[in-house]
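Below is one structure, written out as structure tokens, with a few remarks after it.
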Amino acid sequence: MLKDIKKQIERLKSQGATYVDARWYPFEEANYLMMWNGNLKNTSAARESGMGVRVLYKGAWGFSASSDLSDTPALFDKALDNGRVAAERVTFPVRLAEKDAIQASFESPCRINPFEVALADKVAFLKEMDEKLNQPGVFQRISEMMFMRKQIVFVDSEGSEIEKTITEVFPTIQVTGVDSEGVTFERKSRPGQQGESRGWESVDRGLFSENAVRIVKELNEVLAADECPKEDRSVILLPGIMYLQTHETIGHALELDRILGYELAYAGGSFVTLNDFGTLRYGSPKLTARADATLTNSPGSFGYDDDGVPAQDNLLIDKGILVGAINGRQMVEEANARARKQIFHGSSGANRATSFYRVPIERMTNINIDPGADGTLDDIVSKTEKGIILDGDRSWSIGSNREQFHFATEIGWLVDDGKVGKVVKNSTYKGETLKFYNSLSAVGDKSTWKVQYVDNCGKGQPNQVMQLGHGIPVCRFDNVRIGE
Amino acid sequence: MKEKILQTLTDLRKYALGKGYDVAIFYHEEDSYLMRFANSAISLNTNEHLIRINITAYEGRKRADYELITDLSKLDEMKRSVDTAAEMVKHAQPLNYDPTVPALAESFADENGYDPQLAGISNEERLDYFNKAAKGLETEDIKLSGIFSNGSNTVAHINTRSEHTQNFRTSDAQVTAVLSNSQLKWEVIAEQSAQKKSDLDPSGLHREFVFLLGRYQKDEALQLPLGSYDIVFGFAATADLLSVMNWIGFSGGSMKRGFSFIAEDQVGKKVFSDKFTLIDDPTRLETFPFKRDLTGIVRNPFPIFENGVFRSFIWFQDDADEFGAAPTGHNVPHKSLVLNGGDKAVGSIEELVKQPREKDILYIPFLHYMNIVNPSKGVITASSRFGALLLRKDGSLAVPYNVRITQSLLDLFGDKVAWMSKAQVVNNTSMSYGARNPTAVIVPRFVKVDDIEISHSNSSY
């Protein structure tokens with residue numbers, strides 16, 4: 001197959017293509033199990049294989065994909081044809097940022113391939129969790145596991161040839177309960193990074209058991225709790241909600257395709273402009289954020305992106321100042337040309353596709369916030385006069401330019417005069433992105449820093465779902481509206 | 001092609017029966033094309049042809065699924081996937097209820113929704129449509145974005161309980177065009193759904209753009225004060241609200257699991273405004289309907305709300321099995337929701353603007369990033385997007401920055417509904433996650449709801 005791919009790439013180059021790449025997936029498999037109130041409602045698996053071909057012709061992209069590889073010349077021809085028509089409407093001809101030709105391979109750390117684990121063992125785990133969650137106060141209990149494994153062979157017309165094997169494991173447990181007024185509340189646990197690898201071995205029974213007990217206890221506290229007050233308080237976001245805050249209002253806001261208007265018809269734009277890089281005070285000096293695809297163990301670490309660019313660790317926000325973006329090869333030259341200065345110096349290695357039949361687009365890697373110097377959670381709480389600790393994502397909604405947001409969380413603990421007080425329900429908060437990050441008044445130390453996974457980040461047309469991570473400490477923001 | 005598909009399914013059934021398996025076999029084939037525009041260029045021109053085989057295996061109370069992306073020439077690979085599903089089910093755990101294994105009583109084929117001309121539309125025609133929709137409107141600052149997505153898909157299935165087959169074939173097109181100001185960051189949208197090629201009319205989009213640009217280029221944007229407003233929702237906003245209701249409203253399974261704002265004892269009771277009549281109507285071809293569900297139940301128009309009175313939950317087969325209800329023919333990739341029009345003769349944005357009014361009215365065409373804050377109370381939150389307008393009581397217009405509403409569907413469709421337009425619009429709500437599944441709802445062009453709180457108001461775009 002490799003020989004044929006290279007032959008087709010050369011053929012398209014001879015027909016005027018300035019760049020060609022192919023992503024051949026010999027296999028991609030998925031396995032999803034879901035136990036709901038003791039019923040194994042979902043036992044599903046899937047397997048696919050195929051190839052996606054991307055062609056640059058006179059500065060325009062053509063893409064074609066098929067699971068039927070019996071006629072690869074036709075697949076490559078179709079991609080070129082698509083590029084030829086696209087070239088009839090070009091405003092800024094695509095010029096890819098420079099990169100080295102790379103021959104390499106990458107395998108995500110995995111000791112026990114979850115696809116070689118007996119189904120019975122997986123079901124036994126779910127059953128064990130279900131039994132632990134089956135406690136007074138719990139109305140619905142859900143235990144689920146999703147496994148993914150794929151092999152990708154990337155070949156391009158610039159001499160790169162990269163083979164990747166990626167394995168992912170995403171387990172979750174969740175309980176819901178109903179309060180005295182008939183309102184449903186939920187509490188869940190989705191452990192992120194555990195240990196140095198993310199195969200079946202990363203499913204830690206002990207940790208899940210502890211979390212099962214904890215979320216049942218916290219759910220019952222929420223069910224009996226008073227309503228969250230409607231007022232301004234400091235919000236102390238635990239990693240279980242701060243990861244999503246970061247994802248939505250730093251990660252997506254700093255995707256260069258959004259900033260340049262390539263997602264305006266669907267996902268939206270960004271309040272960030274090209275003039276903001278190097279000058280915009282995105283947050284308080286306590287805020288340092290980075291796109292780090294070099295974490296040893298996270299879905300946001302994949303060795304090489306789908307442009308064939310190696311994983312990198314890049315600053316996005318340095319002590320509150322915006323300094324970087326999330327980008328692939330395509331957007332660099334256009335951004336610099338539009339800004340009439342060199343802002344970006346190359347791809348940040350963040351172009352990824354969800355499957356062989358989707359085209360790579362700018363995607364988050366691991367969008368992390370550096371640990372701070374404000375100590376432990378207890379230290380932060382002790383220095384909070386009037387606040388609320390929030391955890392768990394229940395609902396999230398963000399303005400189309402990521403300029404404002406509304407989050408509902410699973411649980412809140414009021415903090416008054418440095419002490420944790422009662423639990424409240426329907427704990428929500430809202431704000432404007434820049435004002436919010438500039439009110440960042442405390443960042444927890446390494447003891448509070450956790451890597452949380454996102455397994456369902458949606459973007460692009462045709463739609464794509466991506467997996468990634470966020471390394472996040474506890475953060476406190478002041479004067480935030482809660483309870484609405 | 002149809003014969004080859006059905007023969008393949010028959011061959012797989014024969015194979016499964018020979019092995020003693022109890023399976024349902026589903027076939028999905030799509031031929032998808034998408035031309036994406038951004039910054040007034042074609043940012044992506046893509047197509048994919050995919051065939052998916054899904055096997056659901058049953059063994060008593062146990063059930064397992066296996067899906068494969070394949071092609072019709074790989075019968076052996078498909079047979080192996082039947083074996084895989086049958087092996088998986090051995091290791092599954094029994095449910096505490098009896099899952100119904102589908103058994104089709106008769107064969108059924110429906111290709112009425114397939115227009116070969118729409119399915120086969122060319123790259124050049126897609127580009128021509130967009131060129132006409134935006135003709136003369138793009139400038140150095142005003143850029144065109146959007147998609148022209150079209151294609152065809154076939155859904156077919158068979159099972160080991162019966163030799164009968166079902167086969168559905170549809171063509172569809174979804175057009176979304178956006179004009180945005182790259183400096184000022186405002187954006188306006190025009191959309192179209194097509195089931196056949198003759199539905200396509202770029203001039204309608206062009207007309208709407210001309211009107212909206214006339215406002216957005218002329219008027220300075222303003223930040224609305226927080227407070228209550230009389231709001232007119234456009235069709236896309238209404239369709240989005242219905243899609244959430246589809247999830248946390250009238251699904252029997254959601255209700256039983258505590259994820260609905262409608263209680264079991266509310267059947268037959270008034271829940272919404274008497275202006276609200278919602279039907280799942282598979283006779284409407286524009287909704288890419290399934291006239292049988294995938295268990296073989298004949299689908300007739302199914303009233304969900306009539307004049308605000310809640311008529312019935314819908315029950316998927318599995319939920320019906322679990323909770324002892326009767327299935328309602330809703331094991332389909334999508335429903336065919338139709339929200340009846342009202343008596344207000346307002347058919348276009350121009351006509352809406354000309355309507356006399358005693359108070360300022362906020363027009364919200366589109367709700368962005370809707371999410372559910374509290375399912376039990378039907379509370380959602382979302383922001384306005386794509387061309388909101390403030391229709392002042394003095395007859396003038398203003399362009400507001402985006403606002404957020406956080407409200408219960410019980411309020412949005414309750415007694416606060418002032419009117420619904422007589423004119424209805426087909427809104428294409430298709431997503432392209434996973435297998436192609438053309439979906440559309442039919443809703444009033446405009447729905448006016450009084451006294452709705454704005455919880456946040458942007459000070460810029």
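Following the order of the structure tokens, chains are lettered A, B, ..., residues in each are numbered from 1, and ligands are numbered from 1.
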
All residues 10 Å or closer to A:Glu263, only C-alpha atoms, same chain fewer than 3 positions away omitted, as a list in words: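 What passes the distance filter is Glu255, Leu256, Asp257, Arg258, Ile259, Leu260, Tyr266, Ala267, Gly268, Gly269, Ser270, Lys459, Gly460 and Gln461 of chain A; Arg36, Phe37, Ala38, Asn39, Ser145 and Gly146 of chain B.
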
Just need the residues of chain B within 7 Å of chain A, counting only C-alpha atoms, so spit them out as a ChimeraX atom specification. /B:38-50,64-71,91-93,95-96,123-124,145-146,178,257-258,368-373,376,381-383,431-433

Could those selected residues go to a file with N, CA and C atoms, as a short mmCIF file (atom, residue, chain, number, x, y, z; two decimals), in the first residue's frame?
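The resulting file, out_15.cif, is reproduced below:
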```
data_model
loop_
_atom_site.label_atom_id
_atom_site.label_comp_id
_atom_site.auth_asym_id
_atom_site.auth_seq_id
_atom_site.Cartn_x
_atom_site.Cartn_y
_atom_site.Cartn_z
N ALA B 38 -14.91 30.02 3.50
CA ALA B 38 -14.46 30.89 4.59
C ALA B 38 -13.61 31.99 3.99
N ASN B 39 -13.73 33.17 4.55
CA ASN B 39 -12.95 34.31 4.05
C ASN B 39 -13.12 34.49 2.54
N SER B 40 -14.34 34.23 2.07
CA SER B 40 -14.72 34.38 0.66
C SER B 40 -14.01 33.43 -0.28
N ALA B 41 -13.39 32.39 0.27
CA ALA B 41 -12.74 31.38 -0.55
C ALA B 41 -13.36 30.02 -0.26
N ILE B 42 -13.09 29.06 -1.12
CA ILE B 42 -13.46 27.68 -0.77
C ILE B 42 -12.34 27.16 0.12
N SER B 43 -12.66 26.99 1.39
CA SER B 43 -11.61 26.57 2.32
C SER B 43 -11.44 25.06 2.32
N LEU B 44 -12.45 24.35 1.85
CA LEU B 44 -12.36 22.90 1.79
C LEU B 44 -13.38 22.39 0.80
N ASN B 45 -12.98 21.45 0.00
CA ASN B 45 -13.92 20.79 -0.91
C ASN B 45 -13.70 19.30 -0.74
N THR B 46 -14.70 18.63 -0.19
CA THR B 46 -14.46 17.26 0.25
C THR B 46 -15.61 16.34 -0.14
N ASN B 47 -15.30 15.09 -0.25
CA ASN B 47 -16.35 14.10 -0.43
C ASN B 47 -15.94 12.79 0.23
N GLU B 48 -16.92 11.99 0.61
CA GLU B 48 -16.61 10.66 1.10
C GLU B 48 -17.73 9.71 0.73
N HIS B 49 -17.33 8.51 0.46
CA HIS B 49 -18.28 7.44 0.18
C HIS B 49 -18.02 6.34 1.20
N LEU B 50 -19.01 6.07 2.04
CA LEU B 50 -18.80 5.12 3.14
C LEU B 50 -19.98 4.17 3.25
N ALA B 64 -25.67 -7.21 22.00
CA ALA B 64 -24.37 -6.58 21.69
C ALA B 64 -24.39 -6.07 20.25
N ASP B 65 -23.61 -5.00 20.01
CA ASP B 65 -23.56 -4.37 18.68
C ASP B 65 -22.14 -4.35 18.14
N TYR B 66 -22.03 -4.53 16.85
CA TYR B 66 -20.73 -4.39 16.20
C TYR B 66 -20.93 -3.64 14.89
N GLU B 67 -20.10 -2.63 14.66
CA GLU B 67 -20.22 -1.84 13.44
C GLU B 67 -18.92 -1.87 12.66
N LEU B 68 -19.05 -1.89 11.37
CA LEU B 68 -17.90 -2.00 10.49
C LEU B 68 -18.05 -1.03 9.33
N ILE B 69 -17.01 -0.29 9.03
CA ILE B 69 -16.99 0.45 7.77
C ILE B 69 -16.36 -0.46 6.73
N THR B 70 -17.07 -0.69 5.67
CA THR B 70 -16.63 -1.72 4.72
C THR B 70 -17.09 -1.34 3.31
N ASP B 71 -17.08 -2.28 2.39
CA ASP B 71 -17.75 -2.06 1.11
C ASP B 71 -18.36 -3.36 0.64
N HIS B 91 -20.68 -12.84 25.90
CA HIS B 91 -20.03 -12.32 27.11
C HIS B 91 -20.74 -11.11 27.69
N ALA B 92 -21.82 -10.69 27.05
CA ALA B 92 -22.58 -9.57 27.61
C ALA B 92 -23.33 -10.04 28.85
N GLN B 93 -23.93 -9.10 29.53
CA GLN B 93 -24.65 -9.45 30.75
C GLN B 93 -26.15 -9.32 30.48
N LEU B 95 -29.90 -8.29 30.51
CA LEU B 95 -30.69 -7.15 30.98
C LEU B 95 -31.73 -7.67 31.97
N ASN B 96 -32.32 -6.77 32.74
CA ASN B 96 -33.36 -7.24 33.66
C ASN B 96 -34.76 -7.11 33.04
N ASN B 123 -19.66 19.84 -8.42
CA ASN B 123 -18.84 20.86 -7.77
C ASN B 123 -19.13 22.25 -8.33
N GLU B 124 -19.24 22.31 -9.65
CA GLU B 124 -19.46 23.59 -10.31
C GLU B 124 -20.81 24.19 -9.89
N SER B 145 -18.81 33.03 4.26
CA SER B 145 -18.51 31.73 4.84
C SER B 145 -19.71 30.83 4.60
N GLY B 146 -19.55 29.56 4.90
CA GLY B 146 -20.72 28.69 4.85
C GLY B 146 -20.41 27.31 4.32
N VAL B 178 -23.01 32.63 5.38
CA VAL B 178 -22.80 33.68 6.38
C VAL B 178 -21.99 34.81 5.75
N ARG B 257 -36.15 8.43 33.45
CA ARG B 257 -34.81 8.54 34.05
C ARG B 257 -34.57 9.89 34.70
N GLY B 258 -35.59 10.71 34.76
CA GLY B 258 -35.46 11.99 35.47
C GLY B 258 -34.86 13.10 34.64
N HIS B 368 -26.98 30.35 19.71
CA HIS B 368 -25.68 29.70 19.63
C HIS B 368 -25.38 28.95 20.92
N TYR B 369 -24.84 27.75 20.76
CA TYR B 369 -24.30 26.94 21.86
C TYR B 369 -25.33 26.77 22.98
N MET B 370 -26.48 26.24 22.60
CA MET B 370 -27.51 26.01 23.61
C MET B 370 -27.12 24.83 24.49
N ASN B 371 -27.36 24.97 25.77
CA ASN B 371 -27.12 23.85 26.67
C ASN B 371 -28.20 23.83 27.75
N ILE B 372 -28.30 22.70 28.40
CA ILE B 372 -29.38 22.48 29.37
C ILE B 372 -28.85 22.73 30.77
N VAL B 373 -29.38 23.74 31.41
CA VAL B 373 -28.94 24.10 32.77
C VAL B 373 -29.63 23.21 33.80
N SER B 376 -34.91 19.10 34.62
CA SER B 376 -36.19 18.90 35.30
C SER B 376 -37.10 20.12 35.19
N THR B 381 -29.80 27.56 28.30
CA THR B 381 -29.12 28.84 28.13
C THR B 381 -28.47 28.86 26.75
N ALA B 382 -28.44 30.04 26.14
CA ALA B 382 -27.85 30.18 24.80
C ALA B 382 -27.66 31.66 24.52
N SER B 383 -26.85 31.96 23.52
CA SER B 383 -26.62 33.35 23.12
C SER B 383 -27.19 33.60 21.74
N MET B 431 -26.56 17.19 11.36
CA MET B 431 -25.18 17.26 11.81
C MET B 431 -24.40 16.23 10.99
N SER B 432 -23.10 16.41 10.90
CA SER B 432 -22.33 15.43 10.13
C SER B 432 -21.36 14.66 11.01
N TYR B 433 -21.71 14.54 12.31
CA TYR B 433 -20.97 13.60 13.16
C TYR B 433 -21.46 12.21 12.78
#
```

Gap from atom CA of A:Asp313 to atom CA of A:Pro299 - Å, one decimal: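 Between atom CA of A:Asp313 and atom CA of A:Pro299 the gap works out to 14.6 Å.
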
Please list as a list in words every residue within 10 Å of B:Ser273, counting only C-alpha atoms and excluding residues in the same chain fewer than 5 positions away.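 In the requested format, the answer is Phe305, Glu306, Asn307, Gly308, Val309, Leu410, Asp411, Leu412, Phe413, Gly414, Asp415, Lys416, Val417, Ala418 and Trp419 of chain B.
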
Take the residues just selected and output them with N, CA and C atoms as a short mmCIF file (atom, residue, chain, number, x, y, z; two decimals), in the first residue's frame.
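result.cif, freshly written:
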```cif
data_model
loop_
_atom_site.label_atom_id
_atom_site.label_comp_id
_atom_site.auth_asym_id
_atom_site.auth_seq_id
_atom_site.Cartn_x
_atom_site.Cartn_y
_atom_site.Cartn_z
N PHE B 305 -48.00 17.52 21.02
CA PHE B 305 -48.77 18.57 21.70
C PHE B 305 -49.87 19.03 20.75
N GLU B 306 -51.07 19.20 21.26
CA GLU B 306 -52.16 19.78 20.48
C GLU B 306 -52.72 20.96 21.26
N ASN B 307 -52.61 22.14 20.67
CA ASN B 307 -53.06 23.37 21.34
C ASN B 307 -52.54 23.46 22.77
N GLY B 308 -51.30 23.09 22.93
CA GLY B 308 -50.64 23.19 24.22
C GLY B 308 -50.85 22.00 25.13
N VAL B 309 -51.76 21.12 24.78
CA VAL B 309 -52.03 19.94 25.62
C VAL B 309 -51.06 18.83 25.23
N LEU B 410 -40.66 25.95 29.37
CA LEU B 410 -42.05 26.12 29.82
C LEU B 410 -42.49 27.57 29.68
N ASP B 411 -41.54 28.50 29.84
CA ASP B 411 -41.85 29.92 29.62
C ASP B 411 -41.81 30.26 28.14
N LEU B 412 -40.78 29.77 27.47
CA LEU B 412 -40.59 30.16 26.07
C LEU B 412 -41.74 29.69 25.18
N PHE B 413 -42.33 28.55 25.53
CA PHE B 413 -43.46 28.06 24.71
C PHE B 413 -44.76 28.04 25.51
N GLY B 414 -44.76 28.70 26.66
CA GLY B 414 -45.96 28.73 27.50
C GLY B 414 -46.84 29.91 27.17
N ASP B 415 -47.47 30.44 28.18
CA ASP B 415 -48.46 31.49 27.94
C ASP B 415 -47.85 32.81 27.48
N LYS B 416 -46.52 32.87 27.49
CA LYS B 416 -45.88 34.09 26.99
C LYS B 416 -45.83 34.15 25.47
N VAL B 417 -46.21 33.08 24.82
CA VAL B 417 -46.22 33.10 23.34
C VAL B 417 -47.31 34.07 22.88
N ALA B 418 -46.90 35.08 22.12
CA ALA B 418 -47.86 36.08 21.64
C ALA B 418 -48.46 35.66 20.31
N TRP B 419 -47.62 35.22 19.41
CA TRP B 419 -48.11 34.72 18.13
C TRP B 419 -47.06 33.87 17.44
#
```

Which polymer residues have any atom within 7 Å of an atom of B:Tyr114, counting only C-alpha atoms, with same-chain residues fewer than 3 positions away left out, as a list in words?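 Here the qualifying residues turn out to be Glu111, Arg169, Thr170 and Ser171 of chain B.
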
Using the chain letters and numbers from this document, which residues of stretch 320-396 of chain A does DSSP assign to helix (DSSP H, G or I), as a list in words? Gln330, Met331, Val332, Glu333, Glu334, Ala335, Asn336, Ala337, Arg338, Ala339, Leu377, Asp378, Asp379, Ile380, Val381 and Ser382 of chain A

Please produce an output containing N, CA and C atoms for each residue in the selection, written as a compact mmCIF listing (two decimals), in the first residue's frame.
```txt
# COMPACT_ATOMS: atom_id res chain seq x y z
N GLN A 330 -1.09 25.53 7.88
CA GLN A 330 -1.77 26.37 6.89
C GLN A 330 -1.89 27.83 7.30
N MET A 331 -2.19 28.06 8.59
CA MET A 331 -2.61 29.40 8.99
C MET A 331 -1.46 30.38 9.21
N VAL A 332 -0.24 29.87 9.32
CA VAL A 332 0.90 30.69 9.74
C VAL A 332 1.16 31.85 8.77
N GLU A 333 1.33 31.50 7.49
CA GLU A 333 1.68 32.55 6.52
C GLU A 333 0.53 33.55 6.35
N GLU A 334 -0.69 33.03 6.35
CA GLU A 334 -1.83 33.93 6.18
C GLU A 334 -1.93 34.90 7.35
N ALA A 335 -1.74 34.37 8.56
CA ALA A 335 -1.83 35.24 9.74
C ALA A 335 -0.75 36.31 9.70
N ASN A 336 0.45 35.90 9.39
CA ASN A 336 1.56 36.88 9.34
C ASN A 336 1.32 37.92 8.24
N ALA A 337 0.82 37.47 7.10
CA ALA A 337 0.56 38.40 5.99
C ALA A 337 -0.54 39.39 6.36
N ARG A 338 -1.59 38.86 6.98
CA ARG A 338 -2.70 39.76 7.35
C ARG A 338 -2.27 40.76 8.42
N ALA A 339 -1.41 40.30 9.33
CA ALA A 339 -0.94 41.19 10.41
C ALA A 339 0.16 42.13 9.94
N LEU A 377 -5.26 23.73 48.03
CA LEU A 377 -6.66 24.18 48.05
C LEU A 377 -6.99 24.77 49.42
N ASP A 378 -6.54 24.12 50.45
CA ASP A 378 -6.81 24.64 51.80
C ASP A 378 -6.22 26.04 51.98
N ASP A 379 -5.02 26.23 51.44
CA ASP A 379 -4.39 27.56 51.55
C ASP A 379 -5.25 28.62 50.86
N ILE A 380 -5.74 28.25 49.68
CA ILE A 380 -6.53 29.23 48.92
C ILE A 380 -7.85 29.52 49.65
N VAL A 381 -8.48 28.47 50.13
CA VAL A 381 -9.75 28.65 50.84
C VAL A 381 -9.54 29.54 52.07
N SER A 382 -8.45 29.28 52.78
CA SER A 382 -8.22 30.02 54.04
C SER A 382 -8.04 31.52 53.78
```

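Here atom CA of A:Glu410 and atom CA of A:Tyr437 stand 21.8 Å from one another.
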